[in-house]
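**Student:** Dumping the structure here so I can ask a few things about it.
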Amino acid sequence: MDYLPIFQKIHNQPCLIVGGGTVAARKADLFIKAGAKVTVIAPALKQEMKHHLSRGWITWVWGEFTEALMQEVPRPLLVISATDNQAVNLAVYAYCQQVGIPVNVADQTEYCDFILPGIVERGPMTIAVSTGGRSPVLARLMKSRLETQIPHGFAKATELVGQYRQAVKDKIADPEGRKQFWETLLNGVFLDKAVQGDGAEAEQILQNKLALDSQVEYQAQGEVYLIGAGPGDPELMTFKALRLLQQADVVVYDRLVADEIVDMARREAERIYVGKRDRWHRMPQTKITQLLLALAQQGKKVARLKGGDPYLFGRGAEEVELLAEHGIAYQVVPGITAATGCAAYADFPLTHRDYAHSVALVTGHEQAGAEEIDYARLANSGDTMVFYMGLKNVQKIQQGLMAHGVSPSLPAAIIENGTRPNQKVTVTTLGELAQTIAHLQIRPPALLVVGEVLKVRQKITELKRAAAQKKLPAELKVAI
Ligand code: SAH
């Protein structure tokens with residue numbers, strides 16, 4: 001983050017615009033909207049600025065900017081210079097630097113102490129977008145995306161909520177209780193009604209809830225959300241996962257969870273990392289489970305983020321068992337598991353009419369004392385075989401399958417960092433699998449897939465190549 005986004009109060013404060021043209025007028029619009037006392041210094045005003053003047057929204061100080069002229073205007077809180085005369089812009093900049101007034105020279109980030117973000121407005125709800133001056137076009141694109149996604153009804157909803165802020169404060173003394181009041185209200189039907197313009201009904205819901213909640217002593221109720229965060233790409237989280245993550249007080253996450261996902265939690269939420277720091281240091285599972293319990297018992301909302309799906313090789317059930325035993329509320333949110341994520345992003349299906357009618361998700365990590373993988377059954381199943389945590393035991397997997405009659409020429413793939421920007425797919429055969437992994441020094445997380453379905457990938461790759469060839473101009477075709 002190169003700029004700190006803040007919302008500055010400029011109501012009734014003097015602000016200065018240097019320049020009388022179209023760009024200057026657009027900047028003046030913003031100052032006027034935020035209630036500033038705007039002075040414009042310019043030798044002449046264009047149409048838009050004249051309009052502002054005629055409405056009494058600005059004070060015009062006639063002339064070219066000079067330091068001496070500054071004696072005639074009240075010391076401004078903020079200054080914007082938007083003239084097409086660079087010498088003037090630089091003089092404004094130098095003056096402001098010297099006297100310590102934040103300045104913005106329009107469209108020249110290097111001469112800006114502050115920048116004006118793109119704005120999406122829904123009444124009092126204001127969303128600011130900035131790329132830190134890197135790409136105004138991209139910022140505009142993001143702004144228009146937000147414009148289409150955030151219903152205009154949020155303006156009314158925000159007003160309504162604002163009207164009751166004090167009343168709720170008066171009736172529910174405990175700050176945690178108030179937070180819970182608003183969270184439950186805003187996550188429920190109230191917001192839908194308010195946004196859809198059904199203000200009267202929304203208000204009734206709010207009043208009813210307030211009457212009820214203010215009568216009971218607030219007691220923090222802890223809860224654990226066991227959230228499947230998917231295999232890597234943050235967009236593969238579900239809406240529910242995101243919603244619960246954003247209402248958590250604490251986030252407990254491990255190594256497989258991408259930083260971007262953890263960053264989606266509320267800023268004030270506590271973050272606890274329980275993954276491996278290196279090969280030897282990792283919080284034991286029993287300790288993690290105890291931690292979740294302890295946090296929930298303190299009345300906290302705990303988001304337990306797990307890579308992929310929490311109930312697939314995620315030891316989610318062990319965590320839930322202890323919570324259930326202690327009567328702690330919990331919710332399990334399924335996630336996209338590595339197998340489906342990797343298949344989708346690496347262009348092959350897990351089942352296919354011609355190649356496989358079933359899939360086996362197998363852990364390659366054999367626990368001491370647990371039963372061995374039943375290679376005989378796997379070998380005869382016709383399943384697409386997906387091995388999680390299979391790198392270490394790949395030799396065993398390869399030999400186990402081949403010993404029970406699986407052909408060494410059966411296609412096999414290794415997908416490293418599936419669905420992430422650094423995803424790497426290597427296709428080989430079962431017979432070459434262990435050797436390939438050793439040779440390429442493949443590191444976790446990686447998924448091993450064995451089965452005929454990988455032929456589909458081959459076919460898709462060829463089709464894509466042919467299509468790309470067709471699009472190329474004739475003289476370049478030979479190069480590919
Ligand atoms: N609960 C997780 C699996 C946890 S076990 C899920 O449903 O996906 C950890 C193993 O999952 C890793 O060793 C690796 O085999 C696999 N895995 C998880 N994320 C992966 C990714 N992005 N790419 C490849 N394999 C992944």
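Residues in the structure tokens are named by chain (A, B, ... in the order shown) and by number from 1 within that chain; ligands are numbered from 1 in the order shown.
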As a PyMOL selection string, please: all residues of stretch 119-343 of chain A that backbone DSSP puts in helix (DSSP H, G or I).
**Tutor:** chain A and resi 136-149+154-163+165-171+175-186+189-195+199-213+234-236+239-246+259-262+285-297+316-325+338-343
**Student:** Grab me every residue within 6 Å of ligand 1, counting only C-alpha atoms and all ligand atoms, and send it over as an MDAnalysis selection string.
**Tutor:** chainID A and resid 231:232 307:310 312:314 337:338 388:389 415:419 444:447
**Student:** Can you tell me, as a list in words, what residues are no more than 8 Å from stretch 51-68 of chain A when counting only C-alpha atoms, ignoring any on the same chain fewer than 6 positions away?
**Tutor:**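 Residues near the query, excluding close chain neighbours: Val18, Ile32, Lys37, Val38, Thr39, Val40, Ile41, Ala42, Pro43, Ala44, Val88, Ala91, Val92 and Tyr95 of chain A.
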**Student:** Just want the 9 Å neighbourhood of stretch 422-428 of chain A, counted on only C-alpha atoms, with same-chain residues fewer than 2 positions away dropped. Output as an MDAnalysis selection string.
**Tutor:** chainID A and resid 342 345:346 409:420 430:433 436 454
**Student:** Let's have the selection written as an mmCIF file, in the first residue's frame, with N, CA, C and O atoms.
**Tutor:**
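The new file out36.cif reads:
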data_model
loop_
_atom_site.group_PDB
_atom_site.id
_atom_site.type_symbol
_atom_site.label_atom_id
_atom_site.label_comp_id
_atom_site.auth_asym_id
_atom_site.auth_seq_id
_atom_site.Cartn_x
_atom_site.Cartn_y
_atom_site.Cartn_z
ATOM 1 N N CYS A 342 -7.392 -28.980 -9.004
ATOM 2 C CA CYS A 342 -6.266 -29.248 -9.914
ATOM 3 C C CYS A 342 -6.774 -29.738 -11.264
ATOM 4 O O CYS A 342 -6.278 -29.336 -12.317
ATOM 5 N N TYR A 345 -8.105 -26.769 -13.277
ATOM 6 C CA TYR A 345 -7.091 -25.807 -13.714
ATOM 7 C C TYR A 345 -6.012 -26.448 -14.580
ATOM 8 O O TYR A 345 -5.220 -25.739 -15.190
ATOM 9 N N ALA A 346 -5.960 -27.771 -14.590
ATOM 10 C CA ALA A 346 -4.931 -28.418 -15.410
ATOM 11 C C ALA A 346 -5.556 -29.115 -16.623
ATOM 12 O O ALA A 346 -4.892 -29.911 -17.285
ATOM 13 N N SER A 409 2.613 -48.030 -18.395
ATOM 14 C CA SER A 409 2.416 -46.979 -19.399
ATOM 15 C C SER A 409 1.156 -46.145 -19.127
ATOM 16 O O SER A 409 0.847 -45.210 -19.869
ATOM 17 N N LEU A 410 0.435 -46.450 -18.057
ATOM 18 C CA LEU A 410 -0.762 -45.654 -17.724
ATOM 19 C C LEU A 410 -0.338 -44.207 -17.448
ATOM 20 O O LEU A 410 0.624 -43.980 -16.711
ATOM 21 N N PRO A 411 -1.040 -43.224 -18.039
ATOM 22 C CA PRO A 411 -0.626 -41.829 -17.825
ATOM 23 C C PRO A 411 -0.700 -41.427 -16.348
ATOM 24 O O PRO A 411 -1.597 -41.864 -15.622
ATOM 25 N N ALA A 412 0.260 -40.616 -15.941
ATOM 26 C CA ALA A 412 0.290 -40.105 -14.569
ATOM 27 C C ALA A 412 0.678 -38.635 -14.628
ATOM 28 O O ALA A 412 1.441 -38.231 -15.505
ATOM 29 N N ALA A 413 0.134 -37.844 -13.706
ATOM 30 C CA ALA A 413 0.478 -36.415 -13.694
ATOM 31 C C ALA A 413 0.823 -35.967 -12.284
ATOM 32 O O ALA A 413 0.336 -36.523 -11.307
ATOM 33 N N ILE A 414 1.693 -34.981 -12.236
ATOM 34 C CA ILE A 414 2.027 -34.356 -10.954
ATOM 35 C C ILE A 414 1.597 -32.903 -11.077
ATOM 36 O O ILE A 414 2.037 -32.203 -12.001
ATOM 37 N N ILE A 415 0.738 -32.471 -10.182
ATOM 38 C CA ILE A 415 0.313 -31.061 -10.226
ATOM 39 C C ILE A 415 0.838 -30.382 -8.966
ATOM 40 O O ILE A 415 0.415 -30.678 -7.856
ATOM 41 N N GLU A 416 1.770 -29.475 -9.172
ATOM 42 C CA GLU A 416 2.331 -28.725 -8.043
ATOM 43 C C GLU A 416 1.603 -27.405 -7.942
ATOM 44 O O GLU A 416 1.316 -26.766 -8.957
ATOM 45 N N ASN A 417 1.348 -26.976 -6.717
ATOM 46 C CA ASN A 417 0.716 -25.669 -6.485
ATOM 47 C C ASN A 417 -0.513 -25.440 -7.361
ATOM 48 O O ASN A 417 -0.671 -24.371 -7.962
ATOM 49 N N GLY A 418 -1.341 -26.459 -7.437
ATOM 50 C CA GLY A 418 -2.531 -26.384 -8.289
ATOM 51 C C GLY A 418 -3.389 -25.177 -7.997
ATOM 52 O O GLY A 418 -3.549 -24.786 -6.836
ATOM 53 N N THR A 419 -3.919 -24.577 -9.035
ATOM 54 C CA THR A 419 -4.815 -23.396 -9.046
ATOM 55 C C THR A 419 -4.125 -22.096 -8.616
ATOM 56 O O THR A 419 -4.755 -21.052 -8.547
ATOM 57 N N ARG A 420 -2.847 -22.195 -8.290
ATOM 58 C CA ARG A 420 -2.118 -20.972 -7.907
ATOM 59 C C ARG A 420 -1.384 -20.418 -9.126
ATOM 60 O O ARG A 420 -1.208 -21.132 -10.103
ATOM 61 N N LEU A 430 2.950 -43.966 -15.165
ATOM 62 C CA LEU A 430 3.082 -44.562 -13.832
ATOM 63 C C LEU A 430 4.493 -45.122 -13.637
ATOM 64 O O LEU A 430 5.104 -44.934 -12.579
ATOM 65 N N GLY A 431 4.995 -45.758 -14.665
ATOM 66 C CA GLY A 431 6.322 -46.388 -14.569
ATOM 67 C C GLY A 431 7.447 -45.387 -14.318
ATOM 68 O O GLY A 431 8.485 -45.732 -13.753
ATOM 69 N N GLU A 432 7.228 -44.140 -14.760
ATOM 70 C CA GLU A 432 8.290 -43.122 -14.654
ATOM 71 C C GLU A 432 8.042 -42.147 -13.501
ATOM 72 O O GLU A 432 8.809 -41.199 -13.307
ATOM 73 N N LEU A 433 6.954 -42.350 -12.786
ATOM 74 C CA LEU A 433 6.477 -41.336 -11.835
ATOM 75 C C LEU A 433 7.510 -40.981 -10.762
ATOM 76 O O LEU A 433 7.866 -39.808 -10.582
ATOM 77 N N THR A 436 10.606 -39.258 -12.165
ATOM 78 C CA THR A 436 10.326 -37.877 -12.592
ATOM 79 C C THR A 436 10.301 -36.944 -11.379
ATOM 80 O O THR A 436 10.851 -35.842 -11.408
ATOM 81 N N LEU A 454 -6.181 -38.658 -18.173
ATOM 82 C CA LEU A 454 -5.148 -37.685 -18.561
ATOM 83 C C LEU A 454 -5.006 -37.595 -20.080
ATOM 84 O O LEU A 454 -4.464 -36.621 -20.599
#
**Student:** Apply DSSP to the structure's backbone, then extract all residues of stretch 168-415 of chain A labelled strand (DSSP E or B) and return them as an MDAnalysis selection string.
**Tutor:** chainID A and resid 223:228 230 250:253 270:273 301:306 308 329:333 352 356 359:363 384:388 411:415
**Student:** Figure out the distance between atom CA of A:Gly228 and atom CA of A:Leu292, please, to one decimal in Å.
**Tutor:**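 It comes out at 15.8 Å.
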**Student:** List the neighbours of A:Leu45 out to 7 Å using only C-alpha atoms; skip same-chain residues closer than 3 positions along the sequence, and give me the result as a list of chain:residue names.
**Tutor:** A:Gly20, A:Gly21, A:Ala42, A:Met49, A:Lys50
